[in-house]
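So the structure is just underneath, and the comments pick up after that.
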Amino acid sequence: MRISRRAEGIAPFYAMEFARNAAELEEQGHHVVKLNIGEPDFGPPPAVLAAAREVSDGRPLAYTGALGLPELRIAIADFYGRHFGADVDPRRVAVTSGASAALLMTCAALIDPGDGVLIGDPSYPCNRQFTHAFGAQVSLIETSAEARFQLTTDDVERAWTDTTRGVIVATPSNPTGTSMPYDELVALTDLVAARGGWTIVDEIYLGLSDPGPDGRAPRSILAADTPGTAETIVVNSFSKYFGMTGWRLGWCIVPDELVGVVERLAQNFYVCPPTPSQYAALACFTPESLAVAEDNRREFARRRHLVIDGLARIGLDVPVVPDGAFYVYVDVSSTGLTAAEFCDRALREAHVALTPGKDFGLAGADRFVRLSYAASTEDLALAVDRLGAFVGVRPGSDAESA
């Protein structure tokens, strides 16, 4: 069978490869601490589960409109106004089958073969895989610890060419958990719009951002009243802040001229988002569910401090302390191992699953490892202890030989 060049060009997602290897070790009777997948361990708020049970009473669960339930689109728009300071017309909200479908459709709507797309390095691998699949020429731009592993306006200005059509940014970012300064994000989208381009802003982890020094909640890029936001598409998800990873439900907020385009694409790609998940997700926006989600955000911040302190204690460097999401980007070069070797041996010898930097780009791929602290405090403490014992073993040491 002849495989398409598109499929052949898709690299493995190593986080999932390590998940499979971890499962094999567990089948052999080992307890593996899995810090390789970004999946909250809390699950959805209780009201969401109750709503799911209610709609599972045998009633017909027919297709909804391709853009989702009207009442859910309204609830998302209201949430953006109250939580992220953005005045959003519900008409511009498209509920999708996970944030992945939102990225898929926005890429399909915006990219022609040969279009240039700028993405920071490191970054979430599926973003560049989606753009590659539609024929984009992706330029991975190395970012620095000084810039919190985020693109800067200067980076984009230097990299822009006659064929560049758009930029994809994520703030907070996967894999680093770091955010772009808000004023810089606004300046970046304004620059891109001035060049006639578009920006996709991945806000999947925005709800898990730390409040500002003044206690102010994080703001969506759509809260900025600047020309750049007219050419900006926002992607978000119920998976992280609301803990609904397996429910496959997300959304995007698009400019007016893309609403009909995204609707046509959704009709053809997957008909509509999953109906039971949509009805259950309406319960995310009750005061009780939002209080649960905020408690979970604060718990993630506590876990972050536990992990950062633990990694410092065992001598593993975190160049930039995250301010959101639930990831730490760890420099393991001091061990004398590449990131891939470190992850492979940590899994086999310490039974801790991590993700090597090669999942997230080229820059620093051999130095950095992503650790997800979306696990219990007990598992995180155990993982740090196991890694502490592991990093005491160096290639060729007496301990390794034994």
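We label chains A, B, ... in the order they appear in the structure tokens, count residues from 1 in each chain, and number ligands from 1 in the order shown.
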
**Request:** Enumerate, as a ChimeraX atom specification, the complete set of residues in range 268-401 of chain A that a backbone-based DSSP assignment places in alpha helix (DSSP H).
**Result:** /A:268-269,275-281,287-313,339-345,377-391,398-401

Excluding range 46-59 of chain A and any residue of its chain fewer than 4 positions from it, enumerate the residues within 8 Å of it, using only C-alpha atoms, and give them as a short mmCIF file (atom, residue, chain, number, x, y, z; two decimals) with N, CA, C and O atoms, in the first residue's frame.
data_model
loop_
_atom_site.label_atom_id
_atom_site.label_comp_id
_atom_site.auth_asym_id
_atom_site.auth_seq_id
_atom_site.Cartn_x
_atom_site.Cartn_y
_atom_site.Cartn_z
N PRO A 276 -23.13 14.40 23.84
CA PRO A 276 -23.16 14.25 25.30
C PRO A 276 -22.15 15.16 26.00
O PRO A 276 -22.45 15.74 27.05
N SER A 277 -20.96 15.28 25.43
CA SER A 277 -19.94 16.13 26.04
C SER A 277 -20.39 17.59 26.06
O SER A 277 -20.11 18.33 27.02
N TYR A 279 -23.51 18.80 26.23
CA TYR A 279 -24.50 19.02 27.28
C TYR A 279 -23.85 19.00 28.66
O TYR A 279 -24.19 19.81 29.53
N ALA A 280 -22.92 18.08 28.87
CA ALA A 280 -22.24 18.03 30.16
C ALA A 280 -21.42 19.29 30.40
O ALA A 280 -21.37 19.82 31.52
N ALA A 281 -20.80 19.81 29.34
CA ALA A 281 -19.91 20.97 29.48
C ALA A 281 -20.66 22.23 29.88
O ALA A 281 -20.07 23.16 30.44
N LEU A 282 -21.96 22.28 29.64
CA LEU A 282 -22.73 23.44 30.10
C LEU A 282 -22.60 23.62 31.61
O LEU A 282 -22.64 24.75 32.11
N ALA A 283 -22.39 22.51 32.33
CA ALA A 283 -22.27 22.58 33.79
C ALA A 283 -20.91 23.11 34.24
O ALA A 283 -20.71 23.33 35.44
N CYS A 284 -19.97 23.30 33.31
CA CYS A 284 -18.67 23.87 33.67
C CYS A 284 -18.78 25.30 34.17
O CYS A 284 -17.93 25.77 34.93
N GLU A 288 -20.38 26.86 41.13
CA GLU A 288 -19.77 25.74 41.86
C GLU A 288 -18.65 25.10 41.05
O GLU A 288 -17.57 24.81 41.58
N SER A 289 -18.86 24.89 39.75
CA SER A 289 -17.83 24.27 38.92
C SER A 289 -16.63 25.19 38.75
O SER A 289 -15.48 24.74 38.77
#

**Prompt:** Could you name the residues that touch Ile37 in chain A at 12 Å or less, counting only C-alpha atoms, but leaving out those on the same chain fewer than 4 positions away, as a list of chain:residue names?
**Reply:** A:Phe13, A:Tyr14, A:Ala15, A:Met16, A:Glu17, A:Phe18, A:Ala19, A:Arg20, A:Ala22, A:Val33, A:Asp41, A:Asn174, A:Pro175, A:Lys240, A:Thr245, A:Phe326, A:Tyr327, A:Val352, A:Ala353, A:Leu354, A:Thr355, A:Pro356, A:Arg370, A:Leu371, A:Ser372, A:Tyr373, A:Ala374, A:Ala375

Could you write out that same residue set with N, CA, C and O atoms as a compact mmCIF listing (two decimals), in the first residue's frame?
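Saved to selection_15.txt:
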# COMPACT_ATOMS: atom_id res chain seq x y z
N PHE A 13 4.78 11.13 18.23
CA PHE A 13 4.58 11.96 19.42
C PHE A 13 5.18 11.16 20.57
O PHE A 13 4.61 10.20 21.06
N TYR A 14 6.40 11.55 20.98
CA TYR A 14 7.17 10.72 21.89
C TYR A 14 6.54 10.62 23.28
O TYR A 14 6.75 9.64 23.99
N ALA A 15 5.75 11.63 23.67
CA ALA A 15 5.04 11.52 24.95
C ALA A 15 4.16 10.29 24.97
O ALA A 15 4.05 9.59 25.99
N MET A 16 3.52 10.00 23.82
CA MET A 16 2.66 8.83 23.75
C MET A 16 3.47 7.54 23.65
O MET A 16 3.06 6.49 24.14
N GLU A 17 4.65 7.63 23.00
CA GLU A 17 5.52 6.45 22.94
C GLU A 17 5.95 6.04 24.35
O GLU A 17 5.95 4.85 24.69
N PHE A 18 6.30 7.03 25.17
CA PHE A 18 6.70 6.71 26.54
C PHE A 18 5.51 6.23 27.36
O PHE A 18 5.67 5.42 28.28
N ALA A 19 4.31 6.70 27.04
CA ALA A 19 3.12 6.20 27.71
C ALA A 19 2.94 4.71 27.43
O ALA A 19 2.61 3.92 28.34
N ARG A 20 3.19 4.30 26.19
CA ARG A 20 3.07 2.89 25.84
C ARG A 20 4.13 2.06 26.56
O ARG A 20 3.84 0.98 27.11
N ALA A 22 5.59 2.83 29.35
CA ALA A 22 5.26 2.81 30.77
C ALA A 22 4.18 1.76 31.05
O ALA A 22 4.24 1.04 32.06
N VAL A 33 5.63 6.11 37.82
CA VAL A 33 5.09 7.45 38.03
C VAL A 33 5.07 8.13 36.66
O VAL A 33 6.12 8.39 36.07
N ASP A 41 -5.20 15.14 36.90
CA ASP A 41 -5.66 13.94 37.60
C ASP A 41 -6.96 14.19 38.36
O ASP A 41 -7.51 13.26 38.96
N ASN A 174 3.05 24.88 26.22
CA ASN A 174 3.45 23.48 26.38
C ASN A 174 4.64 23.32 25.43
O ASN A 174 4.49 23.56 24.23
N PRO A 175 5.86 23.06 25.92
CA PRO A 175 6.21 22.29 27.11
C PRO A 175 6.74 23.07 28.30
O PRO A 175 7.10 22.47 29.30
N LYS A 240 -8.07 21.05 30.03
CA LYS A 240 -7.07 21.36 31.05
C LYS A 240 -7.68 22.06 32.26
O LYS A 240 -7.67 21.52 33.36
N THR A 245 -10.27 15.80 29.71
CA THR A 245 -9.38 15.40 28.62
C THR A 245 -10.00 14.40 27.66
O THR A 245 -9.89 14.55 26.45
N PHE A 326 0.94 23.07 33.61
CA PHE A 326 1.45 22.15 34.65
C PHE A 326 2.68 21.42 34.13
O PHE A 326 2.78 20.20 34.23
N TYR A 327 3.59 22.19 33.53
CA TYR A 327 4.81 21.63 32.98
C TYR A 327 6.04 22.35 33.53
O TYR A 327 5.99 23.55 33.82
N VAL A 352 10.14 6.29 36.20
CA VAL A 352 9.52 7.60 36.09
C VAL A 352 9.43 7.93 34.60
O VAL A 352 10.44 7.92 33.90
N ALA A 353 8.21 8.20 34.12
CA ALA A 353 8.01 8.50 32.70
C ALA A 353 8.03 10.01 32.48
O ALA A 353 7.27 10.75 33.12
N LEU A 354 8.89 10.46 31.58
CA LEU A 354 9.03 11.86 31.21
C LEU A 354 8.99 11.96 29.69
O LEU A 354 8.88 10.94 29.00
N THR A 355 9.10 13.17 29.15
CA THR A 355 9.07 13.35 27.70
C THR A 355 10.33 14.08 27.24
O THR A 355 10.64 15.15 27.77
N PRO A 356 11.07 13.53 26.26
CA PRO A 356 12.30 14.19 25.81
C PRO A 356 12.01 15.42 24.97
O PRO A 356 10.97 15.53 24.32
N ARG A 370 10.64 17.42 29.40
CA ARG A 370 9.41 17.97 29.97
C ARG A 370 8.88 17.07 31.07
O ARG A 370 8.74 15.87 30.89
N LEU A 371 8.57 17.68 32.19
CA LEU A 371 7.94 16.99 33.32
C LEU A 371 6.56 17.60 33.52
O LEU A 371 6.43 18.82 33.66
N SER A 372 5.53 16.76 33.54
CA SER A 372 4.18 17.22 33.82
C SER A 372 3.87 16.97 35.29
O SER A 372 3.96 15.83 35.76
N TYR A 373 3.50 18.03 36.01
CA TYR A 373 3.14 17.84 37.42
C TYR A 373 1.64 17.73 37.62
O TYR A 373 1.10 18.05 38.69
N ALA A 374 0.95 17.24 36.59
CA ALA A 374 -0.47 16.94 36.70
C ALA A 374 -0.64 15.54 37.30
O ALA A 374 -1.23 14.64 36.71
N ALA A 375 -0.08 15.37 38.47
CA ALA A 375 -0.13 14.10 39.19
C ALA A 375 -0.26 14.41 40.67
O ALA A 375 -0.09 15.56 41.09

**Request:** Once DSSP has gone over the backbone, tell me which residues of range 221-349 of chain A are in strand (DSSP E or B), as a ChimeraX atom specification.
**Result:** /A:232-237,250-253,317,327-331

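In this comparison, which uses only C-alpha atoms, the residue of A:Asn236, A:Thr163, A:Thr377, A:Ser179 approaching Gly310 in chain A most closely is A:Thr377.
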
**Asked** Near Gly68 in chain A, within 7 Å and counting only C-alpha atoms, which residues show up once chain neighbours fewer than 5 positions away are dropped, as a VMD selection string?
**Response** chain A and resid 73 94 to 95 272 to 273

Go ahead and write the residues just picked, all heavy atoms, as a PDB file, in the first residue's frame.
ATOM      1  N   ARG A  73     -22.192  27.861  23.119  1.00  0.00           N
ATOM      2  CA  ARG A  73     -21.440  28.953  22.514  1.00  0.00           C
ATOM      3  C   ARG A  73     -21.644  30.245  23.297  1.00  0.00           C
ATOM      4  O   ARG A  73     -20.703  31.018  23.517  1.00  0.00           O
ATOM      5  CB  ARG A  73     -21.868  29.124  21.056  1.00  0.00           C
ATOM      6  CG  ARG A  73     -21.554  27.902  20.199  1.00  0.00           C
ATOM      7  CD  ARG A  73     -22.246  27.967  18.847  1.00  0.00           C
ATOM      8  NE  ARG A  73     -21.656  28.992  17.991  1.00  0.00           N
ATOM      9  CZ  ARG A  73     -22.211  29.394  16.852  1.00  0.00           C
ATOM     10  NH1 ARG A  73     -23.380  28.874  16.452  1.00  0.00           N
ATOM     11  NH2 ARG A  73     -21.621  30.313  16.116  1.00  0.00           N
ATOM     12  N   ALA A  94     -16.859  28.684  17.919  1.00  0.00           N
ATOM     13  CA  ALA A  94     -17.109  27.365  17.326  1.00  0.00           C
ATOM     14  C   ALA A  94     -16.689  26.305  18.329  1.00  0.00           C
ATOM     15  O   ALA A  94     -15.514  26.227  18.703  1.00  0.00           O
ATOM     16  CB  ALA A  94     -16.328  27.200  16.024  1.00  0.00           C
ATOM     17  N   VAL A  95     -17.634  25.510  18.795  1.00  0.00           N
ATOM     18  CA  VAL A  95     -17.320  24.377  19.662  1.00  0.00           C
ATOM     19  C   VAL A  95     -16.778  23.263  18.766  1.00  0.00           C
ATOM     20  O   VAL A  95     -17.313  23.014  17.676  1.00  0.00           O
ATOM     21  CB  VAL A  95     -18.570  23.903  20.428  1.00  0.00           C
ATOM     22  CG1 VAL A  95     -18.201  22.805  21.423  1.00  0.00           C
ATOM     23  CG2 VAL A  95     -19.231  25.068  21.155  1.00  0.00           C
ATOM     24  N   CYS A 272     -20.251  17.332  13.768  1.00  0.00           N
ATOM     25  CA  CYS A 272     -20.474  18.196  14.932  1.00  0.00           C
ATOM     26  C   CYS A 272     -19.648  17.665  16.094  1.00  0.00           C
ATOM     27  O   CYS A 272     -19.200  16.517  16.069  1.00  0.00           O
ATOM     28  CB  CYS A 272     -21.957  18.245  15.310  1.00  0.00           C
ATOM     29  SG  CYS A 272     -22.597  16.730  16.066  1.00  0.00           S
ATOM     30  N   PRO A 273     -19.449  18.472  17.130  1.00  0.00           N
ATOM     31  CA  PRO A 273     -18.766  17.956  18.322  1.00  0.00           C
ATOM     32  C   PRO A 273     -19.653  16.934  19.030  1.00  0.00           C
ATOM     33  O   PRO A 273     -20.866  16.888  18.812  1.00  0.00           O
ATOM     34  CB  PRO A 273     -18.582  19.209  19.198  1.00  0.00           C
ATOM     35  CG  PRO A 273     -18.921  20.370  18.335  1.00  0.00           C
ATOM     36  CD  PRO A 273     -19.832  19.887  17.274  1.00  0.00           C
TER      37      PRO A 273
END

**Request:** Counting only C-alpha atoms, figure out which residue out of A:Asn21, A:Thr189, A:Thr229, A:Gln129 gets nearest to Val156 in chain A.
**Result:** A:Thr189

**Message:** Please list as JSON, numbers by chain every residue within 12 Å of Pro12 in chain A, counting only C-alpha atoms and excluding residues in the same chain fewer than 6 positions away.
**Reply:** {"A": [18, 125, 126, 129, 358, 359, 360]}

Atoms to include: N, CA, C and O atoms. Write the selected residues as an mmCIF file, in the first residue's frame.
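The file below, selection28.cif, is the result:
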data_model
loop_
_atom_site.group_PDB
_atom_site.id
_atom_site.type_symbol
_atom_site.label_atom_id
_atom_site.label_comp_id
_atom_site.auth_asym_id
_atom_site.auth_seq_id
_atom_site.Cartn_x
_atom_site.Cartn_y
_atom_site.Cartn_z
ATOM 1 N N PHE A 18 6.298 7.029 25.168
ATOM 2 C CA PHE A 18 6.698 6.715 26.541
ATOM 3 C C PHE A 18 5.508 6.230 27.360
ATOM 4 O O PHE A 18 5.672 5.422 28.281
ATOM 5 N N PRO A 125 4.146 19.881 19.630
ATOM 6 C CA PRO A 125 4.469 19.327 18.312
ATOM 7 C C PRO A 125 3.303 19.281 17.346
ATOM 8 O O PRO A 125 3.493 19.452 16.137
ATOM 9 N N CYS A 126 2.089 19.071 17.843
ATOM 10 C CA CYS A 126 0.955 18.931 16.924
ATOM 11 C C CYS A 126 0.669 20.223 16.169
ATOM 12 O O CYS A 126 0.135 20.182 15.057
ATOM 13 N N GLN A 129 2.718 19.969 13.175
ATOM 14 C CA GLN A 129 2.292 18.846 12.340
ATOM 15 C C GLN A 129 1.022 19.195 11.561
ATOM 16 O O GLN A 129 0.871 18.824 10.391
ATOM 17 N N LYS A 358 12.984 16.344 22.165
ATOM 18 C CA LYS A 358 12.835 16.207 20.715
ATOM 19 C C LYS A 358 11.381 16.200 20.277
ATOM 20 O O LYS A 358 11.086 16.381 19.098
ATOM 21 N N ASP A 359 10.436 16.005 21.216
ATOM 22 C CA ASP A 359 9.033 16.141 20.877
ATOM 23 C C ASP A 359 8.671 17.571 20.512
ATOM 24 O O ASP A 359 7.703 17.806 19.798
ATOM 25 N N PHE A 360 9.433 18.536 21.001
ATOM 26 C CA PHE A 360 8.985 19.923 20.989
ATOM 27 C C PHE A 360 9.789 20.837 20.070
ATOM 28 O O PHE A 360 9.562 22.044 20.061
#

**Item:** Gap from CA of Ile204 in chain A to CA of Ala99 in chain A - Å, one decimal
**Value:**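 Separation of CA of Ile204 in chain A and CA of Ala99 in chain A: 7.7 Å.
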
**Request:** Could you tell me how far CA of Met1 in chain A lies from CA of Asp112 in chain A, in Å and to one decimal?
**Result:** 27.1 Å

**Prompt:** Can you tell me how far CA of Ile308 in chain A sits from CA of Asn36 in chain A, in Å to one decimal?
**Reply:** 16.4 Å

**Prompt:** With distances taken over only C-alpha atoms, which of A:Arg367, A:Arg128, A:Arg2, A:Arg313 is nearest to Ala389 in chain A?
**Reply:**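 Nearest candidate to Ala389 in chain A out of A:Arg367, A:Arg128, A:Arg2, A:Arg313: A:Arg313.
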
Any idea what's packed within 12 Å of Val292 in chain A, counting only C-alpha atoms, ignoring anything in its chain fewer than 4 positions away? Could you give it as an mmCIF file with C-alpha atoms, in the first residue's frame?
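Written output follows (around04.cif):
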data_model
loop_
_atom_site.group_PDB
_atom_site.id
_atom_site.type_symbol
_atom_site.label_atom_id
_atom_site.label_comp_id
_atom_site.auth_asym_id
_atom_site.auth_seq_id
_atom_site.Cartn_x
_atom_site.Cartn_y
_atom_site.Cartn_z
ATOM 1 C CA PHE A 42 -8.706 15.713 39.093
ATOM 2 C CA GLY A 43 -11.242 14.956 36.378
ATOM 3 C CA PRO A 44 -14.202 17.251 35.685
ATOM 4 C CA PRO A 45 -16.133 19.124 38.380
ATOM 5 C CA PRO A 46 -18.896 17.022 40.016
ATOM 6 C CA ALA A 47 -21.658 19.007 38.296
ATOM 7 C CA VAL A 48 -20.265 18.000 34.902
ATOM 8 C CA TYR A 241 -8.804 23.987 33.196
ATOM 9 C CA PHE A 242 -11.970 21.879 33.434
ATOM 10 C CA GLY A 243 -10.204 18.481 33.492
ATOM 11 C CA ALA A 283 -22.273 22.585 33.788
ATOM 12 C CA CYS A 284 -18.667 23.873 33.671
ATOM 13 C CA PHE A 285 -19.862 27.436 33.927
ATOM 14 C CA THR A 286 -21.854 27.242 37.150
ATOM 15 C CA PRO A 287 -20.375 29.082 40.152
ATOM 16 C CA GLU A 288 -19.774 25.737 41.860
ATOM 17 C CA ASN A 296 -7.523 22.907 41.128
ATOM 18 C CA ARG A 297 -5.516 25.767 39.609
ATOM 19 C CA ARG A 298 -4.228 26.704 43.060
ATOM 20 C CA GLU A 299 -3.376 23.062 43.744
#

Need to verify the contact set: Ser97 in chain A, 9 Å, only C-alpha atoms, exclusion of same-chain residues closer than 2 positions in sequence. Can you return it as a PDB file with N, CA, C and O atoms, in the first residue's frame?
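Contents of selection_32.pdb, freshly written:
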ATOM      1  N   VAL A  95     -17.634  25.510  18.795  1.00  0.00           N
ATOM      2  CA  VAL A  95     -17.320  24.377  19.662  1.00  0.00           C
ATOM      3  C   VAL A  95     -16.778  23.263  18.766  1.00  0.00           C
ATOM      4  O   VAL A  95     -17.313  23.014  17.676  1.00  0.00           O
ATOM      5  N   ALA A  99      -9.496  20.724  21.238  1.00  0.00           N
ATOM      6  CA  ALA A  99      -8.718  21.819  20.657  1.00  0.00           C
ATOM      7  C   ALA A  99      -8.006  21.368  19.388  1.00  0.00           C
ATOM      8  O   ALA A  99      -7.721  22.191  18.505  1.00  0.00           O
ATOM      9  N   SER A 100      -7.715  20.070  19.280  1.00  0.00           N
ATOM     10  CA  SER A 100      -7.061  19.565  18.064  1.00  0.00           C
ATOM     11  C   SER A 100      -7.907  19.843  16.832  1.00  0.00           C
ATOM     12  O   SER A 100      -7.378  20.233  15.779  1.00  0.00           O
ATOM     13  N   ALA A 101      -9.216  19.650  16.940  1.00  0.00           N
ATOM     14  CA  ALA A 101     -10.083  19.935  15.796  1.00  0.00           C
ATOM     15  C   ALA A 101     -10.124  21.423  15.504  1.00  0.00           C
ATOM     16  O   ALA A 101     -10.223  21.839  14.339  1.00  0.00           O
ATOM     17  N   ALA A 102     -10.039  22.244  16.545  1.00  0.00           N
ATOM     18  CA  ALA A 102      -9.998  23.693  16.329  1.00  0.00           C
ATOM     19  C   ALA A 102      -8.743  24.071  15.546  1.00  0.00           C
ATOM     20  O   ALA A 102      -8.794  24.878  14.608  1.00  0.00           O
ATOM     21  N   TRP A 247     -13.072  13.781  26.999  1.00  0.00           N
ATOM     22  CA  TRP A 247     -14.402  14.150  26.506  1.00  0.00           C
ATOM     23  C   TRP A 247     -14.327  14.762  25.116  1.00  0.00           C
ATOM     24  O   TRP A 247     -15.356  14.922  24.457  1.00  0.00           O
ATOM     25  N   ARG A 248     -13.131  15.103  24.682  1.00  0.00           N
ATOM     26  CA  ARG A 248     -12.830  15.623  23.344  1.00  0.00           C
ATOM     27  C   ARG A 248     -13.726  16.798  22.972  1.00  0.00           C
ATOM     28  O   ARG A 248     -14.545  16.736  22.059  1.00  0.00           O
ATOM     29  N   LEU A 249     -13.525  17.883  23.724  1.00  0.00           N
ATOM     30  CA  LEU A 249     -14.329  19.073  23.504  1.00  0.00           C
ATOM     31  C   LEU A 249     -13.446  20.310  23.680  1.00  0.00           C
ATOM     32  O   LEU A 249     -12.735  20.441  24.680  1.00  0.00           O
ATOM     33  N   GLY A 250     -13.485  21.170  22.692  1.00  0.00           N
ATOM     34  CA  GLY A 250     -12.744  22.417  22.754  1.00  0.00           C
ATOM     35  C   GLY A 250     -13.515  23.495  22.038  1.00  0.00           C
ATOM     36  O   GLY A 250     -14.712  23.340  21.743  1.00  0.00           O
ATOM     37  N   TRP A 251     -12.832  24.600  21.732  1.00  0.00           N
ATOM     38  CA  TRP A 251     -13.483  25.655  20.973  1.00  0.00           C
ATOM     39  C   TRP A 251     -12.433  26.547  20.324  1.00  0.00           C
ATOM     40  O   TRP A 251     -11.265  26.540  20.713  1.00  0.00           O
ATOM     41  N   TYR A 270     -16.189  16.417  10.625  1.00  0.00           N
ATOM     42  CA  TYR A 270     -16.687  15.537  11.699  1.00  0.00           C
ATOM     43  C   TYR A 270     -18.150  15.785  12.061  1.00  0.00           C
ATOM     44  O   TYR A 270     -18.628  15.279  13.083  1.00  0.00           O
ATOM     45  N   CYS A 272     -20.251  17.332  13.768  1.00  0.00           N
ATOM     46  CA  CYS A 272     -20.474  18.196  14.932  1.00  0.00           C
ATOM     47  C   CYS A 272     -19.648  17.665  16.094  1.00  0.00           C
ATOM     48  O   CYS A 272     -19.200  16.517  16.069  1.00  0.00           O
ATOM     49  N   PRO A 273     -19.449  18.472  17.130  1.00  0.00           N
ATOM     50  CA  PRO A 273     -18.766  17.956  18.322  1.00  0.00           C
ATOM     51  C   PRO A 273     -19.653  16.934  19.030  1.00  0.00           C
ATOM     52  O   PRO A 273     -20.866  16.888  18.812  1.00  0.00           O
ATOM     53  N   PRO A 274     -19.065  16.100  19.915  1.00  0.00           N
ATOM     54  CA  PRO A 274     -19.854  15.069  20.591  1.00  0.00           C
ATOM     55  C   PRO A 274     -20.977  15.672  21.431  1.00  0.00           C
ATOM     56  O   PRO A 274     -20.741  16.511  22.302  1.00  0.00           O
TER      57      PRO A 274
END
